[in-house]
Amino acid sequence: MKPTTSSYSHSFLKRSLDVIISLLVLPLALVLVIFGIILLIVPLGPKVFYSQKRLGLHRQEFSIFKLRTLKVGTVNDLAGMSPLDDDFVLFGHWLRRWRIDELPQIINILKGEMSWIGPRPERPHLSEQAQKDYPNFLDRCNVKPGITGLAQINLPNATPNENGSKLKYDLEYLEKASFWMDLAILVKTVRAIT
């Protein structure tokens, strides 16, 4: 049985909230991204940005944008999941700790591919694997993916190996999403990174 998806998830109100927050945050985000670029130029040269395919609304693939915090060529699915990971470039762990590496995703939000709040978008091959383990895993794609969300604030350090634990929160968000829930998640996210 398909989970019920809150009508708020596809509402004009949610889209308006995404655009308004993006425009308000954009000036500070640009400053922080430029600062991140300056820190990453030394270890990475010009390869400070990268994009990666993720699954979005209705299982449509899109390219997510991020500042690169791991060494070029890192392919391990669990790379960067530990602060002691050897795959981090100089300052990479710091940029990830403060979520500065995620700020280029404001572009994805303004393009309508993502929301501020929603299930974290997963890579297609990891989604396929998780679907085998959890038959309702791809139900997460019934809403736009988010930079932060219910799973992210409850399990901030979860890895792809913990998709089952995250799924419970993602499905709860699908069913209960509301303007007030989004605001509460945003507040908890800000508290978690400050």
# chains A, B, ... in the order shown; residues from 1 in each chain; ligands from 1
$ residues_around --residues "stretch 33-44 of chain A" --least-positions-apart "6" --cutoff "9 Å" --atoms "only C-alpha atoms" --output "list in words"
Leu67, Arg68, Thr69, Lys71, Val72, Val89, Leu90, Phe91, Gly92, Leu95, Ile100, Asp101, Leu103 and Pro104 of chain A
$ residues_around --residues "A:Ile107" --least-positions-apart "5" --cutoff "12 Å" --atoms "only C-alpha atoms" --output "JSON, numbers by chain"
{"A": [18, 19, 22, 23, 25, 26, 29, 30, 51, 62, 63, 64, 65, 66, 102, 112, 113, 114, 115, 116, 147]}
$ write_last_selection --atoms "N, CA and C atoms" --output "JSON list (two decimals), in the first residue's frame"
[["chain", "number", "residue", "atom", "x", "y", "z"],
["A", 18, "ASP", "N", 10.41, 27.73, -0.27],
["A", 18, "ASP", "CA", 11.72, 27.37, -0.83],
["A", 18, "ASP", "C", 12.37, 28.57, -1.53],
["A", 19, "VAL", "N", 11.59, 29.26, -2.35],
["A", 19, "VAL", "CA", 12.14, 30.38, -3.12],
["A", 19, "VAL", "C", 12.50, 31.54, -2.20],
["A", 22, "SER", "N", 15.58, 30.73, -0.17],
["A", 22, "SER", "CA", 16.76, 30.73, -1.06],
["A", 22, "SER", "C", 17.22, 32.15, -1.35],
["A", 23, "LEU", "N", 16.28, 33.04, -1.65],
["A", 23, "LEU", "CA", 16.65, 34.42, -1.98],
["A", 23, "LEU", "C", 17.19, 35.15, -0.75],
["A", 25, "VAL", "N", 18.77, 33.71, 1.81],
["A", 25, "VAL", "CA", 20.05, 33.09, 2.20],
["A", 25, "VAL", "C", 21.14, 33.34, 1.15],
["A", 26, "LEU", "N", 20.74, 33.63, -0.08],
["A", 26, "LEU", "CA", 21.69, 33.69, -1.20],
["A", 26, "LEU", "C", 22.88, 34.63, -0.97],
["A", 29, "ALA", "N", 25.14, 32.93, 1.45],
["A", 29, "ALA", "CA", 25.61, 31.68, 0.83],
["A", 29, "ALA", "C", 26.72, 31.96, -0.18],
["A", 30, "LEU", "N", 26.56, 33.01, -0.98],
["A", 30, "LEU", "CA", 27.61, 33.36, -1.96],
["A", 30, "LEU", "C", 28.92, 33.67, -1.27],
["A", 51, "SER", "N", 29.42, 17.72, -9.60],
["A", 51, "SER", "CA", 28.00, 17.37, -9.67],
["A", 51, "SER", "C", 27.89, 15.86, -9.66],
["A", 62, "PHE", "N", 18.57, 13.93, -11.62],
["A", 62, "PHE", "CA", 19.04, 15.29, -11.81],
["A", 62, "PHE", "C", 20.45, 15.38, -11.26],
["A", 63, "SER", "N", 21.14, 16.45, -11.59],
["A", 63, "SER", "CA", 22.52, 16.65, -11.12],
["A", 63, "SER", "C", 22.52, 17.56, -9.91],
["A", 64, "ILE", "N", 23.06, 17.05, -8.82],
["A", 64, "ILE", "CA", 23.18, 17.83, -7.60],
["A", 64, "ILE", "C", 24.52, 18.57, -7.64],
["A", 65, "PHE", "N", 24.56, 19.79, -7.12],
["A", 65, "PHE", "CA", 25.79, 20.60, -7.13],
["A", 65, "PHE", "C", 26.34, 20.73, -5.71],
["A", 66, "LYS", "N", 27.65, 20.55, -5.57],
["A", 66, "LYS", "CA", 28.28, 20.66, -4.26],
["A", 66, "LYS", "C", 29.70, 21.19, -4.41],
["A", 102, "GLU", "N", 27.16, 22.13, 0.90],
["A", 102, "GLU", "CA", 25.80, 21.92, 0.39],
["A", 102, "GLU", "C", 25.18, 23.18, -0.24],
["A", 112, "GLY", "N", 13.82, 24.17, -9.04],
["A", 112, "GLY", "CA", 12.65, 23.35, -8.75],
["A", 112, "GLY", "C", 12.93, 21.87, -8.65],
["A", 113, "GLU", "N", 14.22, 21.48, -8.61],
["A", 113, "GLU", "CA", 14.59, 20.06, -8.52],
["A", 113, "GLU", "C", 14.62, 19.57, -7.08],
["A", 114, "MET", "N", 14.82, 20.50, -6.14],
["A", 114, "MET", "CA", 14.92, 20.16, -4.74],
["A", 114, "MET", "C", 14.11, 21.15, -3.92],
["A", 115, "SER", "N", 13.98, 20.82, -2.65],
["A", 115, "SER", "CA", 13.35, 21.69, -1.66],
["A", 115, "SER", "C", 14.36, 21.88, -0.53],
["A", 116, "TRP", "N", 14.11, 22.82, 0.35],
["A", 116, "TRP", "CA", 14.96, 22.92, 1.54],
["A", 116, "TRP", "C", 14.72, 21.71, 2.44],
["A", 147, "ILE", "N", 17.60, 19.47, 1.14],
["A", 147, "ILE", "CA", 18.93, 19.63, 1.72],
["A", 147, "ILE", "C", 18.93, 19.10, 3.15]]
$ select_by_dssp --residues "stretch 1-171 of chain A" --states "strand (DSSP E)" --output "MDAnalysis selection string"
chainID A and resid 49:55 61:67 115:117 146:148
$ atom_distance --atom1 "atom CA of A:Leu150" --atom2 "atom CA of A:Asp170"
6.5 Å
$ atom_distance --atom1 "atom CA of A:Ile153" --atom2 "atom CA of A:Asp182"
11.7 Å
$ residues_around --residues "A:Met181" --least-positions-apart "5" --cutoff "10 Å" --atoms "only C-alpha atoms" --output "VMD selection string"
chain A and resid 117 149 to 150 173 176 186 to 187
$ residues_around --residues "A:Glu128" --least-positions-apart "5" --cutoff "12 Å" --atoms "only C-alpha atoms" --output "MDAnalysis selection string"
chainID A and resid 54:55 59 122:123 133:138 160 163
$ closest_residue --among "A:Asp87, A:Lys168, A:Leu70, A:Trp94" --to "A:Lys47" --atoms "only C-alpha atoms"
A:Leu70
$ closest_residue --among "A:His58, A:Lys53, A:Arg15, A:Arg96" --to "A:Ile193" --atoms "only C-alpha atoms"
A:Arg96
$ select_by_dssp --residues "stretch 3-148 of chain A" --states "alpha helix (DSSP H)" --output "compact mmCIF listing (two decimals) with N, CA and C atoms, in the first residue's frame"
# COMPACT_ATOMS: atom_id res chain seq x y z
N PHE A 12 1.74 25.37 -3.46
CA PHE A 12 2.33 26.66 -3.77
C PHE A 12 3.04 27.24 -2.55
N LEU A 13 2.49 26.99 -1.36
CA LEU A 13 3.09 27.48 -0.12
C LEU A 13 4.49 26.92 0.09
N LYS A 14 4.64 25.61 -0.12
CA LYS A 14 5.97 25.01 0.07
C LYS A 14 6.96 25.55 -0.96
N ARG A 15 6.53 25.65 -2.21
CA ARG A 15 7.42 26.19 -3.25
C ARG A 15 7.79 27.65 -2.94
N SER A 16 6.82 28.41 -2.47
CA SER A 16 7.08 29.80 -2.12
C SER A 16 8.10 29.89 -0.99
N LEU A 17 7.95 29.03 0.02
CA LEU A 17 8.89 28.99 1.14
C LEU A 17 10.30 28.68 0.63
N ASP A 18 10.41 27.73 -0.27
CA ASP A 18 11.72 27.37 -0.83
C ASP A 18 12.37 28.57 -1.53
N VAL A 19 11.59 29.26 -2.35
CA VAL A 19 12.14 30.38 -3.12
C VAL A 19 12.50 31.54 -2.20
N ILE A 20 11.62 31.86 -1.26
CA ILE A 20 11.87 32.99 -0.35
C ILE A 20 13.12 32.73 0.50
N ILE A 21 13.22 31.54 1.08
CA ILE A 21 14.40 31.22 1.90
C ILE A 21 15.66 31.26 1.04
N SER A 22 15.58 30.73 -0.17
CA SER A 22 16.76 30.73 -1.06
C SER A 22 17.22 32.15 -1.35
N LEU A 23 16.28 33.04 -1.65
CA LEU A 23 16.65 34.42 -1.98
C LEU A 23 17.19 35.15 -0.75
N LEU A 24 16.64 34.85 0.43
CA LEU A 24 17.13 35.48 1.66
C LEU A 24 18.54 35.00 2.02
N VAL A 25 18.77 33.71 1.81
CA VAL A 25 20.05 33.09 2.20
C VAL A 25 21.14 33.34 1.15
N LEU A 26 20.74 33.63 -0.08
CA LEU A 26 21.69 33.69 -1.20
C LEU A 26 22.88 34.63 -0.97
N PRO A 27 22.71 35.85 -0.49
CA PRO A 27 23.89 36.71 -0.30
C PRO A 27 24.93 36.11 0.65
N LEU A 28 24.48 35.60 1.79
CA LEU A 28 25.40 34.97 2.74
C LEU A 28 25.98 33.69 2.15
N ALA A 29 25.14 32.93 1.45
CA ALA A 29 25.61 31.68 0.83
C ALA A 29 26.72 31.96 -0.18
N LEU A 30 26.56 33.01 -0.98
CA LEU A 30 27.61 33.36 -1.96
C LEU A 30 28.92 33.67 -1.27
N VAL A 31 28.87 34.42 -0.18
CA VAL A 31 30.09 34.74 0.58
C VAL A 31 30.73 33.46 1.11
N LEU A 32 29.93 32.58 1.68
CA LEU A 32 30.46 31.33 2.24
C LEU A 32 31.01 30.41 1.15
N VAL A 33 30.33 30.35 0.00
CA VAL A 33 30.82 29.51 -1.10
C VAL A 33 32.15 30.07 -1.63
N ILE A 34 32.25 31.38 -1.77
CA ILE A 34 33.51 31.98 -2.22
C ILE A 34 34.62 31.67 -1.21
N PHE A 35 34.30 31.77 0.07
CA PHE A 35 35.27 31.42 1.13
C PHE A 35 35.68 29.95 0.99
N GLY A 36 34.69 29.08 0.74
CA GLY A 36 34.98 27.65 0.55
C GLY A 36 35.87 27.42 -0.66
N ILE A 37 35.60 28.14 -1.75
CA ILE A 37 36.42 28.02 -2.96
C ILE A 37 37.87 28.40 -2.66
N ILE A 38 38.05 29.49 -1.92
CA ILE A 38 39.41 29.94 -1.57
C ILE A 38 40.15 28.85 -0.77
N LEU A 39 39.45 28.22 0.18
CA LEU A 39 40.07 27.15 0.97
C LEU A 39 40.40 25.92 0.13
N LEU A 40 39.57 25.65 -0.89
CA LEU A 40 39.74 24.43 -1.68
C LEU A 40 40.68 24.59 -2.88
N ILE A 41 40.96 25.82 -3.27
CA ILE A 41 41.82 26.04 -4.44
C ILE A 41 43.19 25.39 -4.26
N VAL A 42 43.76 25.51 -3.05
CA VAL A 42 45.11 24.97 -2.81
C VAL A 42 45.14 23.45 -3.00
N PRO A 43 44.28 22.69 -2.31
CA PRO A 43 44.37 21.23 -2.50
C PRO A 43 43.77 20.71 -3.81
N LEU A 44 42.84 21.47 -4.42
CA LEU A 44 42.12 20.92 -5.58
C LEU A 44 42.36 21.65 -6.89
N GLY A 92 38.31 20.05 3.91
CA GLY A 92 37.09 19.39 3.44
C GLY A 92 36.15 19.01 4.57
N HIS A 93 36.71 18.43 5.63
CA HIS A 93 35.86 18.02 6.76
C HIS A 93 35.22 19.24 7.41
N TRP A 94 35.96 20.33 7.51
CA TRP A 94 35.43 21.55 8.12
C TRP A 94 34.27 22.10 7.29
N LEU A 95 34.43 22.14 5.97
CA LEU A 95 33.37 22.64 5.09
C LEU A 95 32.13 21.76 5.18
N ARG A 96 32.34 20.46 5.33
CA ARG A 96 31.19 19.55 5.45
C ARG A 96 30.53 19.69 6.82
N ARG A 97 31.34 19.86 7.85
CA ARG A 97 30.80 20.01 9.21
C ARG A 97 29.82 21.18 9.30
N ILE A 106 21.41 25.41 -3.57
CA ILE A 106 20.39 26.46 -3.71
C ILE A 106 20.01 26.58 -5.19
N ILE A 107 20.98 26.33 -6.08
CA ILE A 107 20.68 26.33 -7.52
C ILE A 107 19.63 25.27 -7.83
N ASN A 108 19.80 24.07 -7.25
CA ASN A 108 18.82 22.99 -7.46
C ASN A 108 17.44 23.38 -6.93
N ILE A 109 17.41 24.10 -5.81
CA ILE A 109 16.14 24.53 -5.23
C ILE A 109 15.46 25.55 -6.15
N LEU A 110 16.22 26.54 -6.59
CA LEU A 110 15.64 27.57 -7.46
C LEU A 110 15.19 26.99 -8.80
N PRO A 124 21.39 6.93 -7.80
CA PRO A 124 20.52 5.89 -8.40
C PRO A 124 20.92 4.47 -8.03
N HIS A 125 22.22 4.14 -8.07
CA HIS A 125 22.60 2.75 -7.79
C HIS A 125 22.37 2.39 -6.32
N LEU A 126 22.51 3.36 -5.41
CA LEU A 126 22.24 3.08 -4.00
C LEU A 126 20.74 2.96 -3.76
N SER A 127 19.95 3.73 -4.53
CA SER A 127 18.49 3.62 -4.42
C SER A 127 18.01 2.25 -4.89
N GLU A 128 18.60 1.75 -5.97
CA GLU A 128 18.23 0.42 -6.47
C GLU A 128 18.52 -0.64 -5.43
N GLN A 129 19.70 -0.55 -4.79
CA GLN A 129 20.06 -1.52 -3.76
C GLN A 129 19.12 -1.42 -2.57
N ALA A 130 18.84 -0.20 -2.14
CA ALA A 130 17.96 -0.01 -0.98
C ALA A 130 16.55 -0.51 -1.28
N GLN A 131 16.10 -0.37 -2.53
CA GLN A 131 14.76 -0.84 -2.91
C GLN A 131 14.66 -2.36 -2.77
N LYS A 132 15.77 -3.05 -3.01
CA LYS A 132 15.77 -4.52 -2.83
C LYS A 132 15.61 -4.87 -1.36
N ASP A 133 16.25 -4.08 -0.50
CA ASP A 133 16.19 -4.35 0.94
C ASP A 133 14.90 -3.84 1.58
$ atom_distance --atom1 "atom CA of A:Ser9" --atom2 "atom CA of A:Glu61"
19.0 Å
